[in-house]
Amino acid sequence: MTLIGKMYSHIDQPQAKVILSVAALSNLEIELLPFEYGVTNKSPEFTQKFPLAKIPAFESLDGFRLTEGVAIAHYVSSLVPDAGLLGRSTKETALVDQWVHFAESEIHMDASMIYAGAGLKLLPGYNADLHKWHEERVVRSLGFLDNYLEKRPSGLLVGDSITLADVFLATAIQRVGQTICGAAEREQVYPHVFAHHAKVTSDARIKDVFGEPGFIEERLVCA
């Protein structure tokens with residue numbers, strides 16, 4: 001693998017999984033630096049380079065710096081065009097962008113709110129009404145997605161090989177499987193969605209990046 005730079009983050013951060021995965025799919029390597037939240041990102045060394053003190057934060061070997069997970073993942077995906085991570089035509093590239101935004105805004109954001117509120121109990125004021133609102137948004141998107149994937153011979157979102165969109169979706173669905181989809185929902189309600197997740201995360205090149213999915217047996221509820 002060819003080293004292209006270093007990144008401040010931790011492997012449990014979903015966007016870090018995406019970035020490291022697309023690097024591996026392109027036979028590239030990013031050094032993941034040791035990181036302690038509230039310490040590393042508050043250090044002068046960090047804030048001089050990244051004033052907002054946010055992760056993930058990437059620095060290439062030539063000093064190019066980039067923040068925001070989607071931007072970093074897109075940049076890394078663009079470095080080896082033959083890998084096809086951004087699609088193999090202008091139309092495919094547009095579709096990859098569409099599905100990246102769909103995965104982030106229509107699934108991952110709401111599933112993460114449920115994870116923090118009902119799972120980790122970290123959100124003051126989180127209640128049954130908020131839970132229902134976030135859950136309904138995810139359920140609507142999952143239904144649409146399952147129908148779409150059912151019609152895809154490749155089982156992937158765009159084309160016949162893994163793209164950036166597939167990796168973003170895999171991280172979003174990992175959170176779904178940790179929140180609103182227990183075993184019954186995964187197997188009986190959204191089988192094509194979770195088949196997609198299994199297909200992407202079992203790829204030998206990125207399997208270790210994703211690790212165990214941490215899926216739950218029974219969906220989370222909020223009384």
# chains A, B, ... in the order shown; residues from 1 in each chain; ligands from 1
$ residues_around --residues "Glu106 (chain A)" --least-positions-apart "3" --cutoff "12 Å" --atoms "only C-alpha atoms" --output "PDB file with C-alpha atoms, in the first residue's frame"
ATOM      1  CA  GLN A  98     -26.785  11.224  -4.397  1.00  0.00           C
ATOM      2  CA  TRP A  99     -26.477   8.029  -2.363  1.00  0.00           C
ATOM      3  CA  VAL A 100     -23.758   9.426  -0.103  1.00  0.00           C
ATOM      4  CA  HIS A 101     -26.038  12.305   0.858  1.00  0.00           C
ATOM      5  CA  PHE A 102     -28.995   9.953   1.222  1.00  0.00           C
ATOM      6  CA  ALA A 103     -27.064   7.652   3.561  1.00  0.00           C
ATOM      7  CA  MET A 109     -28.187  11.238  11.180  1.00  0.00           C
ATOM      8  CA  ASP A 110     -31.481   9.987  12.614  1.00  0.00           C
ATOM      9  CA  ALA A 111     -30.137   6.559  13.577  1.00  0.00           C
ATOM     10  CA  SER A 112     -27.287   8.284  15.428  1.00  0.00           C
ATOM     11  CA  MET A 113     -29.754  10.442  17.356  1.00  0.00           C
ATOM     12  CA  HIS A 134     -36.456   9.877  14.162  1.00  0.00           C
ATOM     13  CA  GLU A 135     -37.526   6.258  13.787  1.00  0.00           C
ATOM     14  CA  GLU A 136     -40.247   7.071  11.260  1.00  0.00           C
ATOM     15  CA  ARG A 137     -37.741   8.964   9.120  1.00  0.00           C
ATOM     16  CA  VAL A 138     -35.349   6.000   9.092  1.00  0.00           C
ATOM     17  CA  VAL A 139     -38.122   3.459   8.439  1.00  0.00           C
ATOM     18  CA  ARG A 140     -39.334   5.454   5.435  1.00  0.00           C
ATOM     19  CA  SER A 141     -35.822   5.543   3.992  1.00  0.00           C
ATOM     20  CA  LEU A 142     -35.145   1.869   4.684  1.00  0.00           C
ATOM     21  CA  GLY A 143     -38.314   0.829   2.878  1.00  0.00           C
ATOM     22  CA  PHE A 144     -37.347   2.834  -0.178  1.00  0.00           C
ATOM     23  CA  LEU A 145     -33.784   1.491  -0.040  1.00  0.00           C
ATOM     24  CA  PHE A 168     -21.130   5.349   3.478  1.00  0.00           C
ATOM     25  CA  LEU A 169     -24.316   3.307   3.405  1.00  0.00           C
ATOM     26  CA  ALA A 172     -25.193   4.099   8.258  1.00  0.00           C
ATOM     27  CA  ILE A 173     -26.764   0.642   8.271  1.00  0.00           C
ATOM     28  CA  VAL A 176     -29.411   1.114  12.156  1.00  0.00           C
TER      29      VAL A 176
END
$ closest_atom_pairs --of "region 8-127 of chain A" --to "region 189-208 of chain A" --cutoff "10 Å" --atoms "only C-alpha atoms" --output "CSV"
residue,atom,partner,partner_atom,distance
A:Lys17,CA,A:Ile206,CA,8.9
A:Val18,CA,A:Ile206,CA,9.5
A:Leu20,CA,A:Ile206,CA,8.2
A:Ser21,CA,A:Ile206,CA,5.4
A:Val22,CA,A:Ile206,CA,8.4
A:Ala23,CA,A:Ile206,CA,9.3
A:Ala24,CA,A:Arg205,CA,6.2
A:Leu25,CA,A:Arg205,CA,6.3
A:Ser26,CA,A:Arg205,CA,9.5
A:Asn27,CA,A:Arg205,CA,8.8
$ write_last_selection --atoms "all heavy atoms" --output "compact mmCIF listing (two decimals), in the first residue's frame"
# COMPACT_ATOMS: atom_id res chain seq x y z
N LYS A 17 -14.16 5.16 9.51
CA LYS A 17 -14.26 3.86 8.86
C LYS A 17 -14.39 4.02 7.35
O LYS A 17 -13.76 3.27 6.58
CB LYS A 17 -15.48 3.09 9.39
CG LYS A 17 -15.37 2.60 10.82
CD LYS A 17 -16.63 1.84 11.20
CE LYS A 17 -16.63 1.42 12.66
NZ LYS A 17 -15.65 0.36 12.94
N VAL A 18 -15.19 4.99 6.92
CA VAL A 18 -15.36 5.24 5.49
C VAL A 18 -14.03 5.64 4.86
O VAL A 18 -13.61 5.10 3.82
CB VAL A 18 -16.41 6.33 5.23
CG1 VAL A 18 -16.46 6.68 3.75
CG2 VAL A 18 -17.79 5.88 5.71
N LEU A 20 -10.88 5.27 5.90
CA LEU A 20 -9.88 4.19 5.89
C LEU A 20 -10.27 3.10 4.89
O LEU A 20 -9.40 2.48 4.26
CB LEU A 20 -9.74 3.61 7.29
CG LEU A 20 -9.15 4.56 8.34
CD1 LEU A 20 -9.21 3.91 9.72
CD2 LEU A 20 -7.71 4.94 8.01
N SER A 21 -11.56 2.86 4.73
CA SER A 21 -12.03 1.83 3.80
C SER A 21 -11.75 2.22 2.35
O SER A 21 -11.24 1.41 1.57
CB SER A 21 -13.52 1.57 3.99
OG SER A 21 -13.78 0.96 5.23
N VAL A 22 -12.08 3.44 1.98
CA VAL A 22 -11.86 3.83 0.58
C VAL A 22 -10.37 3.91 0.27
O VAL A 22 -9.94 3.65 -0.86
CB VAL A 22 -12.58 5.15 0.21
CG1 VAL A 22 -14.09 4.96 0.27
CG2 VAL A 22 -12.14 6.31 1.07
N ALA A 23 -9.56 4.23 1.27
CA ALA A 23 -8.12 4.19 1.07
C ALA A 23 -7.67 2.76 0.77
O ALA A 23 -6.95 2.50 -0.20
CB ALA A 23 -7.38 4.73 2.29
N ALA A 24 -8.14 1.82 1.59
CA ALA A 24 -7.76 0.41 1.40
C ALA A 24 -8.25 -0.12 0.06
O ALA A 24 -7.54 -0.88 -0.61
CB ALA A 24 -8.32 -0.43 2.54
N LEU A 25 -9.46 0.27 -0.35
CA LEU A 25 -9.99 -0.18 -1.63
C LEU A 25 -9.18 0.34 -2.81
O LEU A 25 -9.24 -0.21 -3.91
CB LEU A 25 -11.46 0.24 -1.77
CG LEU A 25 -12.45 -0.48 -0.84
CD1 LEU A 25 -13.79 0.23 -0.83
CD2 LEU A 25 -12.61 -1.94 -1.25
N SER A 26 -8.43 1.41 -2.59
CA SER A 26 -7.57 1.99 -3.63
C SER A 26 -6.10 1.60 -3.44
O SER A 26 -5.23 2.16 -4.11
CB SER A 26 -7.69 3.52 -3.62
OG SER A 26 -9.00 3.93 -3.91
N ASN A 27 -5.86 0.70 -2.50
CA ASN A 27 -4.49 0.26 -2.18
C ASN A 27 -3.64 1.43 -1.68
O ASN A 27 -2.45 1.53 -1.96
CB ASN A 27 -3.81 -0.40 -3.39
CG ASN A 27 -2.66 -1.30 -2.99
OD1 ASN A 27 -2.69 -1.93 -1.93
ND2 ASN A 27 -1.64 -1.37 -3.83
$ atom_distance --atom1 "CA of Leu66 (chain A)" --atom2 "CA of Val209 (chain A)"
21.1 Å
$ select_by_dssp --residues "region 9-155 of chain A" --states "alpha helix (DSSP H)" --output "ChimeraX atom specification"
/A:14-25,44-49,69-78,90-102,109-114,128-150
$ closest_residue --among "A:Leu220, A:Ile107, A:Leu123, A:Ala83" --to "Gln174 (chain A)" --atoms "only C-alpha atoms"
A:Ile107
